Amino acid sequence: MKKENVEFKRSKLILDKDYQIGKVDKRLFGSFIEHLGRAVYEGIYEPDHPLADKDGFRKDVIELVKELNVPIVRYPGGNFVSGYNWEDGIGPREKRARRLDLAWHSTETNQVGINEFVEWTKKVNSSVMLSINLGTRGIDDARNIVEYCNHPSGSYWSDLRISHGYKQPHNIKVWCLGNEMDGPWQIGHKTAYEYGRIANEAAKVMKWVDPSIEVVAAGSSGWHMPTFGEWESTVLDLAYENIDYVSLHAYYGNQENDTPNFVAKSLDMENFIRSVVSACDYVKGKKHSSKTINLSFDEWNVWFHSHEEDKKVEPWSVAPHLLEDIYDFEDALLVGSMLITLLRHADRIKIAALAQLVNVIAPIMTVKGGKSWKQTIFYPFKHASNYGRGTVLNTIVDSPKYDSKDFSDVPVLDSTAVFEEESGNITIFAVNRDQKNDLLLEGDLRGFDGKYKIIDHIIMQNDDPKASNTVNNPDNVVPKSAKVNDVTVKDGKFSLPIPKFSWNVIRIEKLNPTFQ
Ligand code: AHR
């Protein structure tokens, strides 16, 4: 089949209603705000901004976060948390200490702390996933912070919270036991044994204070760490009964300017996930346990554009421009594939966090005193978060393949589908990794009763992989809806063109029987 001078390659997608991977936990579409650069100050909080609300939070940013539909936000770090005294950020603002943040060589003013952040998450219809400091602090601090946040009243820490104006407990349900403790760059870096012991004891006492909480043990900070695997098995061995999830972190870059290889990097994420699932199940077997440890992929994104710029930042600045990657079109495609990868593992990944949310390696950018705008990666995240709720189907994809520097047999079409039980609607997410050829997607819906109609085909496509949005040109790379009126679904079969090098969201609606 030909379209002008472009060769159409064929690909097949089979969806069977009964072949299901698992229900999507909405927390898969979480994100992350760290006290780093301009994420908090000048990002979500800017009391002097014309659009600041009564609490100093930017209303334009609140609206953008709501558009992304983020159910949970990890806070306050990241590397920052390993030197953080959470007590610095509570009580009267004028008395709060300015501290040196050794993780990012910045000055932390502590004008936003746990209480303010909880209030902000309410404004964006979200909740908090709170990290505790297991770098410079330990078990005592771990139990106190849970008591301050979650205990109703009648104890030192809960009454202190009430005296700060927060009568109702915050009821924070998910807690991270430190951050990247396997990394030598971490304040209070530990061996797997040292970390496993402290994580187990911290989790134990935190759950004694509030048995309803869930806790995430810090897994490897990346699967290329020399201690990967051994770290997971040791930590799980020591803390299995007291933890609920193990974390994964992954960032990718295109330093070598090799686009076909870059857009295939979600395959690395795929292998990482499979390895951590194996580690969890290995320890489960070894312990003859009936408990399954699930995964929290609580830092993932593209991160490399800002590396050189960050070296020039003045040490000990307040809210410096750090990690301000400007994302291009190919970054959005990899982010799309990473979202597809997370969805494909919805049976084991219950929590994930796009790192991060505002200004710092983020989909949302702000100008101090000025506008906010959307990066290219805003769109795939928004689509997946809004249309990716339901049950992920075990999608069979038959696609042409290619080899790149680091990967062989890379499917040109990367795709998955989510089925909404209640409405009967189906959403297909697809990336065409080929920079030259459009694909003809031949869809086959099996085991779906009734009639279906394609109601929307959102496409994000650009011939220039390096095209990006900026504050003055915020709509340079945006998705568009293709014409779908003439695409029919007959006996569950349909075909659609998937443009070269594109992100696609195909929404299929189950027709009401009276209109069939
Ligand atoms: O998200 C930026 C940093 O990346 C986090 O602080 C750290 O956990 C990771 O290395």
# chains A, B, ... in the order shown; residues from 1 in each chain; ligands from 1
$ closest_atom_pairs --of "chain A" --to "ligand 1" --cutoff "6 Å" --atoms "only C-alpha atoms and all ligand atoms" --output "JSON lines"
{"residue": "A:Gly77", "atom": "CA", "partner": "ligand 1", "partner_atom_place_in_ligand_line": "6 (O)", "distance": 5.7}
{"residue": "A:Gly78", "atom": "CA", "partner": "ligand 1", "partner_atom_place_in_ligand_line": "6 (O)", "distance": 3.3}
{"residue": "A:Asn79", "atom": "CA", "partner": "ligand 1", "partner_atom_place_in_ligand_line": "6 (O)", "distance": 3.9}
{"residue": "A:Asn179", "atom": "CA", "partner": "ligand 1", "partner_atom_place_in_ligand_line": "8 (O)", "distance": 5.9}
{"residue": "A:Glu180", "atom": "CA", "partner": "ligand 1", "partner_atom_place_in_ligand_line": "8 (O)", "distance": 5.9}
{"residue": "A:Ala355", "atom": "CA", "partner": "ligand 1", "partner_atom_place_in_ligand_line": "1 (O)", "distance": 5.5}
$ write_last_selection --atoms "C-alpha atoms" --output "compact mmCIF listing (two decimals), in the first residue's frame"
# COMPACT_ATOMS: atom_id res chain seq x y z
CA GLY A 77 12.81 14.03 47.73
CA GLY A 78 14.79 12.50 46.16
CA ASN A 79 18.34 13.11 47.24
CA ASN A 179 15.87 7.40 48.74
CA GLU A 180 18.51 5.72 46.54
CA ALA A 355 10.07 12.64 37.89
$ residues_around --residues "Ile198 in chain A" --least-positions-apart "2" --cutoff "8 Å" --atoms "only C-alpha atoms" --output "list in words"
Leu134, Gly138, Ile139, Glu194, Tyr195, Gly196, Asn200, Glu201 and Ala202 of chain A
$ write_last_selection --atoms "N, CA and C atoms" --output "tab-separated table (two decimals), in the first residue's frame"
chain	number	residue	atom	x	y	z
A	134	LEU	N	16.32	8.48	55.70
A	134	LEU	CA	17.09	7.38	56.30
A	134	LEU	C	18.59	7.56	55.98
A	138	GLY	N	16.95	8.29	61.52
A	138	GLY	CA	16.66	6.87	61.67
A	138	GLY	C	15.28	6.58	62.23
A	139	ILE	N	15.23	5.56	63.09
A	139	ILE	CA	13.97	4.98	63.54
A	139	ILE	C	13.13	5.96	64.37
A	194	GLU	N	23.14	-2.75	55.73
A	194	GLU	CA	22.85	-1.62	56.64
A	194	GLU	C	21.46	-1.05	56.32
A	195	TYR	N	21.17	-0.91	55.02
A	195	TYR	CA	19.87	-0.33	54.65
A	195	TYR	C	18.72	-1.28	54.97
A	196	GLY	N	18.90	-2.54	54.65
A	196	GLY	CA	17.82	-3.52	54.89
A	196	GLY	C	17.42	-3.56	56.35
A	200	ASN	N	13.80	-2.11	57.67
A	200	ASN	CA	12.90	-3.04	58.35
A	200	ASN	C	12.44	-2.48	59.70
A	201	GLU	N	13.38	-1.95	60.47
A	201	GLU	CA	13.02	-1.43	61.80
A	201	GLU	C	12.17	-0.16	61.69
A	202	ALA	N	12.50	0.69	60.70
A	202	ALA	CA	11.71	1.92	60.51
A	202	ALA	C	10.28	1.54	60.10
$ residues_around --residues "Asp491 in chain A" --least-positions-apart "6" --cutoff "12 Å" --atoms "only C-alpha atoms" --output "list in words"
Gly443, Asp444, Leu445, Arg446, Gly447, Phe448, Asp449, Gly450, Lys451, Tyr452 and Lys453 of chain A
$ write_last_selection --atoms "all heavy atoms" --output "CSV table (one decimal), in the first residue's frame"
chain,number,residue,atom,x,y,z
A,443,GLY,N,-6.3,-3.6,13.2
A,443,GLY,CA,-6.7,-4.0,14.5
A,443,GLY,C,-7.8,-5.1,14.5
A,443,GLY,O,-8.5,-5.2,13.6
A,444,ASP,N,-7.7,-5.9,15.5
A,444,ASP,CA,-8.7,-7.1,15.6
A,444,ASP,C,-9.1,-7.2,17.1
A,444,ASP,O,-8.4,-7.5,17.9
A,444,ASP,CB,-7.9,-8.3,15.2
A,444,ASP,CG,-8.8,-9.6,15.1
A,444,ASP,OD1,-9.9,-9.5,15.6
A,444,ASP,OD2,-8.3,-10.6,14.6
A,445,LEU,N,-10.4,-6.8,17.3
A,445,LEU,CA,-11.0,-6.9,18.6
A,445,LEU,C,-11.7,-8.2,18.8
A,445,LEU,O,-12.6,-8.5,18.1
A,445,LEU,CB,-12.0,-5.8,18.8
A,445,LEU,CG,-11.6,-4.4,18.5
A,445,LEU,CD1,-12.8,-3.4,18.7
A,445,LEU,CD2,-10.4,-3.9,19.3
A,446,ARG,N,-11.2,-9.0,19.7
A,446,ARG,CA,-11.8,-10.4,19.9
A,446,ARG,C,-12.5,-10.5,21.2
A,446,ARG,O,-12.0,-10.0,22.2
A,446,ARG,CB,-10.7,-11.5,19.8
A,446,ARG,CG,-10.1,-11.5,18.4
A,446,ARG,CD,-9.1,-12.6,18.3
A,446,ARG,NE,-8.5,-12.6,17.0
A,446,ARG,CZ,-7.4,-13.3,16.7
A,446,ARG,NH1,-6.9,-14.2,17.6
A,446,ARG,NH2,-6.9,-13.2,15.5
A,447,GLY,N,-13.7,-11.1,21.2
A,447,GLY,CA,-14.4,-11.4,22.5
A,447,GLY,C,-15.1,-10.1,23.0
A,447,GLY,O,-15.6,-10.1,24.1
A,448,PHE,N,-15.2,-9.1,22.2
A,448,PHE,CA,-15.9,-7.9,22.6
A,448,PHE,C,-17.3,-8.0,21.9
A,448,PHE,O,-17.4,-7.9,20.7
A,448,PHE,CB,-15.2,-6.6,22.1
A,448,PHE,CG,-13.9,-6.3,22.8
A,448,PHE,CD1,-12.7,-6.8,22.4
A,448,PHE,CD2,-14.0,-5.6,24.0
A,448,PHE,CE1,-11.5,-6.6,23.1
A,448,PHE,CE2,-12.8,-5.3,24.7
A,448,PHE,CZ,-11.6,-5.8,24.2
A,449,ASP,N,-18.3,-8.1,22.8
A,449,ASP,CA,-19.7,-8.1,22.2
A,449,ASP,C,-20.1,-6.7,21.7
A,449,ASP,O,-19.6,-5.7,22.2
A,449,ASP,CB,-20.7,-8.5,23.3
A,449,ASP,CG,-20.3,-9.7,24.0
A,449,ASP,OD1,-19.6,-10.6,23.4
A,449,ASP,OD2,-20.6,-9.8,25.3
A,450,GLY,N,-21.1,-6.7,20.9
A,450,GLY,CA,-21.7,-5.4,20.4
A,450,GLY,C,-20.9,-4.7,19.4
A,450,GLY,O,-20.0,-5.3,18.8
A,451,LYS,N,-21.3,-3.5,19.1
A,451,LYS,CA,-20.7,-2.7,18.0
A,451,LYS,C,-19.8,-1.6,18.6
A,451,LYS,O,-20.1,-1.0,19.6
A,451,LYS,CB,-21.8,-2.1,17.1
A,451,LYS,CG,-22.6,-3.2,16.4
A,451,LYS,CD,-22.9,-2.7,15.0
A,451,LYS,CE,-23.3,-3.9,14.2
A,451,LYS,NZ,-24.7,-3.8,13.7
A,452,TYR,N,-18.7,-1.3,17.8
A,452,TYR,CA,-17.7,-0.3,18.3
A,452,TYR,C,-17.5,0.7,17.2
A,452,TYR,O,-17.7,0.5,16.0
A,452,TYR,CB,-16.4,-1.1,18.6
A,452,TYR,CG,-16.6,-1.8,19.9
A,452,TYR,CD1,-17.1,-3.1,19.9
A,452,TYR,CD2,-16.2,-1.3,21.1
A,452,TYR,CE1,-17.3,-3.8,21.1
A,452,TYR,CE2,-16.3,-2.0,22.3
A,452,TYR,CZ,-16.9,-3.3,22.3
A,452,TYR,OH,-17.1,-3.9,23.5
A,453,LYS,N,-17.1,1.9,17.7
A,453,LYS,CA,-16.9,3.0,16.8
A,453,LYS,C,-15.6,3.7,17.2
A,453,LYS,O,-15.4,3.9,18.4
A,453,LYS,CB,-18.1,4.0,16.9
A,453,LYS,CG,-18.0,5.1,15.9
A,453,LYS,CD,-19.3,5.9,16.1
A,453,LYS,CE,-19.5,7.1,15.2
A,453,LYS,NZ,-18.5,7.7,14.5
$ atom_distance --atom1 "CA of Ile426 in chain A" --atom2 "CA of Phe297 in chain A"
25.0 Å
$ closest_residue --among "A:Val335, A:Ile162, A:Leu51, A:Leu440" --to "Ala250 in chain A" --atoms "only C-alpha atoms"
A:Val335
$ closest_residue --among "A:Leu13, A:Gly188, A:Gly22, A:Ser106" --to "Leu393 in chain A" --atoms "only C-alpha atoms"
A:Gly22
$ residues_around --residues "Val246 in chain A" --least-positions-apart "5" --cutoff "8 Å" --atoms "only C-alpha atoms" --output "list of chain:residue names"
A:Val216, A:Ala217, A:Ala218, A:Gly219, A:Ile293, A:Asn294, A:Leu295, A:Ser296
$ write_last_selection --atoms "N, CA and C atoms" --output "PDB file, in the first residue's frame"
ATOM      1  N   VAL A 216       7.388   1.751  51.033  1.00  0.00           N
ATOM      2  CA  VAL A 216       8.189   1.398  49.852  1.00  0.00           C
ATOM      3  C   VAL A 216       9.656   1.324  50.270  1.00  0.00           C
ATOM      4  N   ALA A 217      10.281   0.176  50.081  1.00  0.00           N
ATOM      5  CA  ALA A 217      11.724   0.075  50.350  1.00  0.00           C
ATOM      6  C   ALA A 217      12.481   0.579  49.130  1.00  0.00           C
ATOM      7  N   ALA A 218      13.605   1.261  49.372  1.00  0.00           N
ATOM      8  CA  ALA A 218      14.402   1.781  48.250  1.00  0.00           C
ATOM      9  C   ALA A 218      15.130   0.632  47.562  1.00  0.00           C
ATOM     10  N   GLY A 219      14.783   0.408  46.302  1.00  0.00           N
ATOM     11  CA  GLY A 219      15.519  -0.563  45.489  1.00  0.00           C
ATOM     12  C   GLY A 219      16.758   0.112  44.926  1.00  0.00           C
ATOM     13  N   ILE A 293       5.460  -8.952  46.981  1.00  0.00           N
ATOM     14  CA  ILE A 293       5.938  -7.563  47.012  1.00  0.00           C
ATOM     15  C   ILE A 293       5.741  -6.981  45.619  1.00  0.00           C
ATOM     16  N   ASN A 294       5.050  -5.857  45.544  1.00  0.00           N
ATOM     17  CA  ASN A 294       4.830  -5.189  44.266  1.00  0.00           C
ATOM     18  C   ASN A 294       5.842  -4.065  44.053  1.00  0.00           C
ATOM     19  N   LEU A 295       5.737  -3.405  42.894  1.00  0.00           N
ATOM     20  CA  LEU A 295       6.764  -2.441  42.494  1.00  0.00           C
ATOM     21  C   LEU A 295       6.244  -0.998  42.534  1.00  0.00           C
ATOM     22  N   SER A 296       7.122  -0.090  42.922  1.00  0.00           N
ATOM     23  CA  SER A 296       6.822   1.332  42.877  1.00  0.00           C
ATOM     24  C   SER A 296       7.907   1.970  41.999  1.00  0.00           C
TER      25      SER A 296
END
$ closest_residue --among "A:Val410, A:Ile428, A:Val478, A:Val471" --to "His457 in chain A" --atoms "only C-alpha atoms"
A:Ile428
$ select_by_dssp --residues "range 417-495 of chain A" --states "strand (DSSP E or B)" --output "VMD selection string"
chain A and resid 417 to 419 426 to 432 438 to 446 452 to 461 468 480 to 481 490 493 to 495
$ atom_distance --atom1 "CA of Ile90 in chain A" --atom2 "CA of Asp244 in chain A"
28.3 Å
$ closest_residue --among "A:Lys284, A:Arg58, A:Arg274, A:Arg161" --to "Val40 in chain A" --atoms "only C-alpha atoms"
A:Arg58
$ select_by_dssp --residues "range 333-407 of chain A" --states "alpha helix (DSSP H)" --output "list in words"
Leu333, Leu334, Val335, Gly336, Ser337, Met338, Leu339, Ile340, Thr341, Leu342, Leu343, Arg344, Phe378, Tyr379, Pro380, Phe381, Lys382, His383, Ala384, Ser385, Asn386 and Tyr387 of chain A
$ write_last_selection --atoms "N, CA, C and O atoms" --output "mmCIF file, in the first residue's frame"
data_model
loop_
_atom_site.group_PDB
_atom_site.id
_atom_site.type_symbol
_atom_site.label_atom_id
_atom_site.label_comp_id
_atom_site.auth_asym_id
_atom_site.auth_seq_id
_atom_site.Cartn_x
_atom_site.Cartn_y
_atom_site.Cartn_z
ATOM 1 N N LEU A 333 8.188 10.935 22.593
ATOM 2 C CA LEU A 333 7.939 9.569 22.109
ATOM 3 C C LEU A 333 8.475 8.533 23.092
ATOM 4 O O LEU A 333 7.819 7.523 23.361
ATOM 5 N N LEU A 334 9.683 8.790 23.642
ATOM 6 C CA LEU A 334 10.203 7.819 24.616
ATOM 7 C C LEU A 334 9.332 7.813 25.875
ATOM 8 O O LEU A 334 9.038 6.745 26.429
ATOM 9 N N VAL A 335 8.896 8.987 26.309
ATOM 10 C CA VAL A 335 8.005 9.041 27.482
ATOM 11 C C VAL A 335 6.718 8.247 27.184
ATOM 12 O O VAL A 335 6.224 7.490 28.024
ATOM 13 N N GLY A 336 6.206 8.359 25.958
ATOM 14 C CA GLY A 336 5.028 7.573 25.554
ATOM 15 C C GLY A 336 5.305 6.088 25.674
ATOM 16 O O GLY A 336 4.517 5.326 26.243
ATOM 17 N N SER A 337 6.471 5.657 25.193
ATOM 18 C CA SER A 337 6.820 4.230 25.274
ATOM 19 C C SER A 337 7.052 3.786 26.720
ATOM 20 O O SER A 337 6.764 2.641 27.078
ATOM 21 N N MET A 338 7.582 4.693 27.533
ATOM 22 C CA MET A 338 7.775 4.332 28.954
ATOM 23 C C MET A 338 6.412 4.155 29.642
ATOM 24 O O MET A 338 6.224 3.260 30.463
ATOM 25 N N LEU A 339 5.449 5.003 29.265
ATOM 26 C CA LEU A 339 4.094 4.862 29.827
ATOM 27 C C LEU A 339 3.472 3.535 29.378
ATOM 28 O O LEU A 339 2.825 2.830 30.173
ATOM 29 N N ILE A 340 3.679 3.177 28.114
ATOM 30 C CA ILE A 340 3.165 1.903 27.599
ATOM 31 C C ILE A 340 3.801 0.747 28.379
ATOM 32 O O ILE A 340 3.133 -0.215 28.762
ATOM 33 N N THR A 341 5.092 0.870 28.648
ATOM 34 C CA THR A 341 5.813 -0.177 29.390
ATOM 35 C C THR A 341 5.248 -0.319 30.812
ATOM 36 O O THR A 341 5.025 -1.441 31.293
ATOM 37 N N LEU A 342 5.003 0.814 31.469
ATOM 38 C CA LEU A 342 4.435 0.758 32.830
ATOM 39 C C LEU A 342 3.063 0.087 32.791
ATOM 40 O O LEU A 342 2.756 -0.767 33.630
ATOM 41 N N LEU A 343 2.242 0.477 31.814
ATOM 42 C CA LEU A 343 0.894 -0.113 31.709
ATOM 43 C C LEU A 343 0.984 -1.622 31.498
ATOM 44 O O LEU A 343 0.216 -2.389 32.100
ATOM 45 N N ARG A 344 1.922 -2.058 30.661
ATOM 46 C CA ARG A 344 2.078 -3.493 30.392
ATOM 47 C C ARG A 344 2.401 -4.290 31.647
ATOM 48 O O ARG A 344 2.246 -5.499 31.682
ATOM 49 N N PHE A 378 4.366 16.648 28.335
ATOM 50 C CA PHE A 378 3.097 16.867 29.035
ATOM 51 C C PHE A 378 2.001 15.993 28.391
ATOM 52 O O PHE A 378 1.176 15.397 29.092
ATOM 53 N N TYR A 379 2.032 15.928 27.054
ATOM 54 C CA TYR A 379 0.891 15.348 26.344
ATOM 55 C C TYR A 379 0.765 13.833 26.484
ATOM 56 O O TYR A 379 -0.318 13.359 26.838
ATOM 57 N N PRO A 380 1.823 13.034 26.218
ATOM 58 C CA PRO A 380 1.630 11.593 26.418
ATOM 59 C C PRO A 380 1.228 11.259 27.849
ATOM 60 O O PRO A 380 0.393 10.362 28.076
ATOM 61 N N PHE A 381 1.799 11.997 28.826
ATOM 62 C CA PHE A 381 1.425 11.711 30.219
ATOM 63 C C PHE A 381 -0.054 12.024 30.447
ATOM 64 O O PHE A 381 -0.784 11.237 31.045
ATOM 65 N N LYS A 382 -0.485 13.162 29.933
ATOM 66 C CA LYS A 382 -1.897 13.556 30.110
ATOM 67 C C LYS A 382 -2.829 12.503 29.479
ATOM 68 O O LYS A 382 -3.819 12.093 30.080
ATOM 69 N N HIS A 383 -2.485 12.054 28.278
ATOM 70 C CA HIS A 383 -3.354 11.079 27.603
ATOM 71 C C HIS A 383 -3.413 9.766 28.381
ATOM 72 O O HIS A 383 -4.486 9.207 28.588
ATOM 73 N N ALA A 384 -2.230 9.267 28.783
ATOM 74 C CA ALA A 384 -2.205 7.973 29.474
ATOM 75 C C ALA A 384 -2.934 8.075 30.811
ATOM 76 O O ALA A 384 -3.695 7.181 31.192
ATOM 77 N N SER A 385 -2.712 9.200 31.507
ATOM 78 C CA SER A 385 -3.327 9.346 32.824
ATOM 79 C C SER A 385 -4.846 9.480 32.729
ATOM 80 O O SER A 385 -5.578 8.966 33.573
ATOM 81 N N ASN A 386 -5.313 10.154 31.692
ATOM 82 C CA ASN A 386 -6.758 10.368 31.582
ATOM 83 C C ASN A 386 -7.487 9.204 30.915
ATOM 84 O O ASN A 386 -8.630 8.916 31.259
ATOM 85 N N TYR A 387 -6.839 8.541 29.948
ATOM 86 C CA TYR A 387 -7.516 7.453 29.228
ATOM 87 C C TYR A 387 -7.000 6.066 29.592
ATOM 88 O O TYR A 387 -7.518 5.075 29.098
#
$ atom_distance --atom1 "CA of Lys173 in chain A" --atom2 "CA of Ile213 in chain A"
4.7 Å
$ closest_residue --among "A:Asn432, A:Asn171, A:Asn110, A:Thr227" --to "Tyr148 in chain A" --atoms "only C-alpha atoms"
A:Asn171
$ closest_residue --among "A:Ser31, A:Asn394, A:Gln111, A:Gln375" --to "Asp475 in chain A" --atoms "only C-alpha atoms"
A:Gln375
$ residues_around --residues "Ala264 in chain A" --least-positions-apart "6" --cutoff "12 Å" --atoms "only C-alpha atoms" --output "PyMOL selection string"
chain A and resi 252-254+258+270+330-331+333-338+341+401-414+431-434
$ residues_around --residues "Lys12 in chain A" --least-positions-apart "2" --cutoff "7 Å" --atoms "only C-alpha atoms" --output "ChimeraX atom specification"
/A:10,14,397-399,441-443
$ write_last_selection --atoms "N, CA and C atoms" --output "short mmCIF file (atom, residue, chain, number, x, y, z; two decimals), in the first residue's frame"
data_model
loop_
_atom_site.label_atom_id
_atom_site.label_comp_id
_atom_site.auth_asym_id
_atom_site.auth_seq_id
_atom_site.Cartn_x
_atom_site.Cartn_y
_atom_site.Cartn_z
N ARG A 10 2.99 -2.74 7.29
CA ARG A 10 1.80 -3.25 7.98
C ARG A 10 2.17 -3.70 9.40
N ILE A 14 -3.81 -7.42 18.06
CA ILE A 14 -4.96 -8.25 18.45
C ILE A 14 -5.27 -7.99 19.91
N VAL A 397 1.05 -7.76 19.46
CA VAL A 397 1.48 -6.82 18.43
C VAL A 397 2.39 -7.55 17.44
N ASP A 398 2.02 -7.50 16.17
CA ASP A 398 2.89 -8.06 15.14
C ASP A 398 3.41 -6.87 14.33
N SER A 399 4.67 -6.56 14.48
CA SER A 399 5.20 -5.32 13.91
C SER A 399 6.53 -5.58 13.22
N LEU A 441 -2.02 0.11 10.65
CA LEU A 441 -2.36 -0.72 11.80
C LEU A 441 -3.64 -1.49 11.51
N GLU A 442 -3.54 -2.81 11.54
CA GLU A 442 -4.73 -3.63 11.34
C GLU A 442 -5.16 -4.16 12.70
N GLY A 443 -6.28 -3.63 13.20
CA GLY A 443 -6.75 -3.97 14.54
C GLY A 443 -7.76 -5.09 14.49
#
$ residues_around --residues "Ser317 in chain A" --least-positions-apart "5" --cutoff "12 Å" --atoms "only C-alpha atoms" --output "PyMOL selection string"
chain A and resi 36-38+41+98-102+104-109+312+322
$ write_last_selection --atoms "C-alpha atoms" --output "CSV table (one decimal), in the first residue's frame"
chain,number,residue,atom,x,y,z
A,36,LEU,CA,15.2,21.0,44.3
A,37,GLY,CA,15.8,23.9,42.0
A,38,ARG,CA,12.5,25.7,41.2
A,41,TYR,CA,9.8,27.8,45.0
A,98,ARG,CA,17.4,28.4,56.4
A,99,ARG,CA,19.6,25.3,55.9
A,100,LEU,CA,22.3,24.2,53.5
A,101,ASP,CA,20.9,21.5,51.3
A,102,LEU,CA,24.0,19.3,50.7
A,104,TRP,CA,21.9,20.0,45.5
A,105,HIS,CA,24.3,22.6,47.0
A,106,SER,CA,21.4,25.1,47.5
A,107,THR,CA,19.9,27.0,50.4
A,108,GLU,CA,16.6,25.7,51.6
A,109,THR,CA,14.3,28.4,53.2
A,312,LYS,CA,27.5,26.5,36.1
A,322,LEU,CA,18.6,23.3,38.2
$ decode --residues "range 382-397 of chain A" --atoms "N, CA and C atoms" --output "compact mmCIF listing (two decimals), in the first residue's frame"
# COMPACT_ATOMS: atom_id res chain seq x y z
N LYS A 382 -0.49 13.16 29.93
CA LYS A 382 -1.90 13.56 30.11
C LYS A 382 -2.83 12.50 29.48
N HIS A 383 -2.48 12.05 28.28
CA HIS A 383 -3.35 11.08 27.60
C HIS A 383 -3.41 9.77 28.38
N ALA A 384 -2.23 9.27 28.78
CA ALA A 384 -2.20 7.97 29.47
C ALA A 384 -2.93 8.08 30.81
N SER A 385 -2.71 9.20 31.51
CA SER A 385 -3.33 9.35 32.82
C SER A 385 -4.85 9.48 32.73
N ASN A 386 -5.31 10.15 31.69
CA ASN A 386 -6.76 10.37 31.58
C ASN A 386 -7.49 9.20 30.92
N TYR A 387 -6.84 8.54 29.95
CA TYR A 387 -7.52 7.45 29.23
C TYR A 387 -7.00 6.07 29.59
N GLY A 388 -5.97 6.01 30.44
CA GLY A 388 -5.36 4.71 30.74
C GLY A 388 -5.86 4.08 32.03
N ARG A 389 -7.05 4.43 32.43
CA ARG A 389 -7.61 3.85 33.67
C ARG A 389 -8.56 2.73 33.27
N GLY A 390 -8.38 1.55 33.83
CA GLY A 390 -9.22 0.39 33.49
C GLY A 390 -8.39 -0.87 33.62
N THR A 391 -8.59 -1.78 32.67
CA THR A 391 -7.85 -3.04 32.70
C THR A 391 -6.94 -3.11 31.48
N VAL A 392 -5.66 -3.40 31.72
CA VAL A 392 -4.74 -3.49 30.59
C VAL A 392 -4.90 -4.86 29.93
N LEU A 393 -5.04 -4.84 28.60
CA LEU A 393 -5.20 -6.09 27.86
C LEU A 393 -3.83 -6.60 27.40
N ASN A 394 -3.72 -7.92 27.36
CA ASN A 394 -2.49 -8.52 26.89
C ASN A 394 -2.46 -8.41 25.36
N THR A 395 -2.02 -7.27 24.90
CA THR A 395 -2.09 -6.92 23.49
C THR A 395 -1.05 -7.69 22.68
N ILE A 396 -1.51 -8.35 21.62
CA ILE A 396 -0.55 -9.06 20.73
C ILE A 396 -0.21 -8.10 19.59
N VAL A 397 1.05 -7.76 19.46
CA VAL A 397 1.48 -6.82 18.43
C VAL A 397 2.39 -7.55 17.44
